[in-house]
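Chemist: Attaching a single structure in structure tokens format; questions to follow.
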Amino acid sequence: MEILEKETDILIIGGGAAGCFAAVMAKQNKPDLNITVLEKAHIERSGCLAAGINAINAYLNPGETPETYLEYVKNDCNGLVRDDLVYSIGKGLNRVTEIVEKWGLPIKKDKDGNYLARGPRSIKINGEQFKPLLAKKVRESGIEVLNRTVATNYIVNQGKVSGAFAFNVRKGIFYVIKARAVICATGGAAGIYRPNNTGDARHKMWYSPFNTGTGYAMGIRAGAEMTTFEMRFVALRVKDVIAPTGSFAFAGAKQLNDKGEEYLKKYDNINTPIRLYATVQEEKAGNGPCYLDLSNISKEEGEKLKESLLGMCPGLVLQWEEQGLDPEQIRVEIEGTEPYIVGGHCQSGYWIDTERRTSLPGLFAAGDVAGGAPKKYVTGAFVEGETAVKNAIKYLEENPDIDELPAELIDSEFRRVTRPLVLEDGYTHQEMEERLQDIMEKYAGGKSNYYELEEKKLLKAREQLELLKKDLELLKADTFHQLMLVHEVIDRVDVARILVEHLLYREETRWPGYQTRIDYPLRNEKWLKFINSYSDPETGKIQVLEREHIPLNDLNNIERGRLK
């Protein structure tokens, strides 16, 4: 494998929504900067926007404010979010929406030219071409893009992040990319738990299957502080096809158990975790399967639902057409997905300040990889990308030089990355992936266990993951593509180890369904705090710590910006 060294001003790892938006904003703020986007796939169709979306789910319609947005997010997360981060996102949602509309995003409007609301904080769009639109804007801005190039680790030199190592899966080039500042925008982690659909359909899942936790894992290995991994996300979706239930809810569908009962009426505060938890409890009690019943909607509403689904889940609509069914004639079975680790719907990720700085100097985070600010969705990722890049530019002014790298630093990472290529015998990536998923499914609250957690099983998961991590040295690869898959497994294991420590540490049930501790079944307000962690870069030993929750009203009484 050829080694190629290159330099750039700002390296953005991840060419999804946050990464693309950050790159364009960097060029608009300072056109003379060299900006490089590192993308494992191809920015034309990568990340969570790859297949398109039918709504902007974080937009403040008339009557909504950043304060009401924070109140909504906080209620949905049972009181614990980073108020400062969520509020700062709320202030920028509408502005970034208007920016992408000017770039060409078709937003649906009424006859008076007003955006068509889908809910208090949501508007309707024609978003199938959303990602190609962002990619086009990146190309027009003169930004360097390294497609098909897999990040493996940060370059940490003289106490700061000074770039990243990577390799190209097509050309077999090992990159040493030196940068004056780095923004991580790699998304969250799928594939840690056994997927609902197996075999050839194993990638038919809610979250992008190619988001494998690499950004998290690189930060973990470098010693970055991480937060709230224990708040896993489990999506409530249409069985098998993983279609979004929100589209059905907005069409007026009722959530019923197999007895025809609207079981959500048993609960007082119905938020996103409870919709999942209630469904799981019905199945556990023998009242499943559960359904979304469409019999009460009109023919017109049914047609609008099909149109909405065509933008992001056409398979279900095609299935209806083949069977000669209209939506209002049927009910669709719903179930929870496997758990994901993601900072956009939940809040797993880097511990950051309001400037999106991580605990590692020179490293910023945005989008699903940034922790503490759930329900940010696409526009929230845009806001974070813009914020990160503006502050990365300020960082460049204070750190204008790129330090020389010790040869042994490059040599060590090159040998680590390419080791699977020289092994004559060993495990395949698929064998290790299935072993990881089996451990997490059985002992760390997988779907077959109703997502339930308890100490004795989590301790077993910890033990098994330690053994698995030792065996990672026996992973082998015959091609560069297999080498990418091998490193995805390595990254997932590093994320899983942190996840289990977080799940063990929080001795309460704060987010039923996402984080149900059967040995601590109640919510306890003494745990209204963040569970954080960091790993020793030399030994890999994990240290867990607590961070206090600071309400927005109290933020003026402490040092603003960088958190202690």
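Note on naming: chains are A, B, ... as they come in the structure tokens, residues start from 1 per chain, ligands start from 1 in the order shown.
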Can you check which residues of segment 7-210 of chain A DSSP gives as strand (DSSP E or B) on the backbone and send them as a ChimeraX atom specification?

Modeler: /A:7-13,35-38,53-56,107,109,115,117-119,122-127,144-146,149-157,160-168,173-184,189

Chemist: What lies within 12 Å of Asn269 of chain A using only C-alpha atoms, ignoring chain neighbours under 6 positions off, as a list in words?

Modeler: Asn75, Asp76, Cys77, Asn78, Arg275 and Ala278 of chain A

Chemist: For the residues selected in the previous step, produce a file with C-alpha atoms as a PDB file, in the first residue's frame.

Modeler:
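The resulting file, again.pdb, is reproduced below:
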ATOM      1  CA  ASN A  75     -39.726  16.836  27.695  1.00  0.00           C
ATOM      2  CA  ASP A  76     -39.115  14.138  25.091  1.00  0.00           C
ATOM      3  CA  CYS A  77     -35.893  13.195  26.897  1.00  0.00           C
ATOM      4  CA  ASN A  78     -37.324  13.187  30.426  1.00  0.00           C
ATOM      5  CA  ARG A 275     -44.425   5.032  22.103  1.00  0.00           C
ATOM      6  CA  ALA A 278     -45.709   0.840  25.286  1.00  0.00           C
TER       7      ALA A 278
END

Chemist: Set the distance at 6 Å and use only C-alpha atoms: which residues neighbour segment 514-524 of chain A once local chain neighbours fewer than 3 positions away are removed? I'd like the list as a ChimeraX atom specification.

Modeler: /A:232-233,452-454,507-511,527

Chemist: So that each row is one residue of segment 188-302 of chain A with an atom at most 6 Å from segment 327-338 of chain A, can you give its shortest atom pair and the distance in Å to one decimal, using only C-alpha atoms, rows by chain and rising number, as a tab-separated table?

Modeler:
residue	atom	partner	partner_atom	distance
A:Pro195	CA	A:Glu338	CA	5.6
A:Val234	CA	A:Thr337	CA	5.6
A:Ala235	CA	A:Thr337	CA	5.4
A:Leu236	CA	A:Gly336	CA	4.5
A:Arg237	CA	A:Ile334	CA	5.5
A:Val238	CA	A:Ile334	CA	4.4
A:Lys239	CA	A:Ile334	CA	5.0
A:Cys290	CA	A:Glu333	CA	5.8
A:Tyr291	CA	A:Glu333	CA	4.3
A:Leu292	CA	A:Val332	CA	5.3
A:Asp293	CA	A:Arg331	CA	4.3
A:Leu294	CA	A:Glu328	CA	4.9
A:Ser295	CA	A:Glu328	CA	4.8
A:Ile297	CA	A:Glu328	CA	5.8
A:Gly302	CA	A:Pro327	CA	5.4

Chemist: Would you kindly return, as a PyMOL selection string, each protein, DNA or RNA residue with an atom no farther than 7 Å from any atom of segment 374-391 of chain A, considering only C-alpha atoms and excluding same-chain residues fewer than 3 positions away?

Modeler: chain A and resi 17-19+21-22+25-26+57-58+73+89+92-93+96-97+343-347+355-356+364-367+394-395

Chemist: Name the closest residue to Glu404 of chain A among the candidates A:Thr149, A:Ser162, A:Ser88, A:Asn114; distances are taken between atoms, counting only C-alpha atoms.

Modeler: A:Ser162

Chemist: Nearest residue to Ala373 of chain A out of A:Glu525, A:Glu424, A:Glu466, A:Asp84, using only C-alpha atoms?

Modeler: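 Smallest distance to Ala373 of chain A is found for A:Asp84.
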
Chemist: Pick from A:Ala243, A:Ile192, A:Ala201, A:Leu459: nearest to Val493 of chain A, with only C-alpha atoms counted?

Modeler: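 Among the listed residues, the smallest separation from Val493 of chain A belongs to A:Ile192.
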
Chemist: Within 12 Å of Glu98 of chain A, counting only C-alpha atoms, which residues show up once you throw out same-chain ones fewer than 6 positions away? Write them as a count of residues only, please.

Modeler: 11

Chemist: Of the candidates A:Gln319, A:Asp368, A:Glu5, A:Lys40, which one gets nearest to Tyr207 of chain A if we count only C-alpha atoms?

Modeler: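 Under the stated criterion, the closest residue is A:Asp368.
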
Chemist: Of the candidates A:Pro551, A:Gly47, A:Gly540, A:Gly513, which one gets nearest to Ile274 of chain A if we count only C-alpha atoms?

Modeler: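 Result for the nearest residue to Ile274 of chain A: A:Gly513.
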
Chemist: Report as a JSON list (two decimals) with N, CA, C and O atoms, in the first residue's frame all protein, DNA and RNA residues lying within 7 Å of Leu458 of chain A, evaluated on only C-alpha atoms, omitting residues in the same chain fewer than 5 positions from it.

Modeler:
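Full text of selection.json as output:
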[["chain", "number", "residue", "atom", "x", "y", "z"],
["A", 443, "TYR", "N", -26.74, -9.99, 26.14],
["A", 443, "TYR", "CA", -26.34, -9.47, 27.45],
["A", 443, "TYR", "C", -26.49, -7.96, 27.62],
["A", 443, "TYR", "O", -26.33, -7.46, 28.73],
["A", 444, "ALA", "N", -26.75, -7.23, 26.54],
["A", 444, "ALA", "CA", -26.80, -5.77, 26.64],
["A", 444, "ALA", "C", -28.11, -5.19, 26.10],
["A", 444, "ALA", "O", -28.13, -4.12, 25.50],
["A", 500, "VAL", "N", -21.48, -0.30, 27.08],
["A", 500, "VAL", "CA", -21.76, -1.17, 28.21],
["A", 500, "VAL", "C", -21.39, -0.50, 29.53],
["A", 500, "VAL", "O", -22.13, -0.61, 30.52],
["A", 504, "LEU", "N", -24.12, 0.28, 32.49],
["A", 504, "LEU", "CA", -23.90, -0.19, 33.86],
["A", 504, "LEU", "C", -23.97, 0.95, 34.88],
["A", 504, "LEU", "O", -24.52, 0.79, 35.97]]

Chemist: If you run DSSP on the backbone, which residues of segment 144-325 of chain A are helix (DSSP H, G or I), as a PyMOL selection string?

Modeler: chain A and resi 199-201+214-222+245-250+263-266+272-284+299-310+314-323

Chemist: Report, in Å with one decimal, the straight-line distance from atom CA of Ser141 of chain A to atom CA of Val37 of chain A.

Modeler: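 Taking atom CA of Ser141 of chain A as the start and atom CA of Val37 of chain A as the end point, the length is 12.1 Å.
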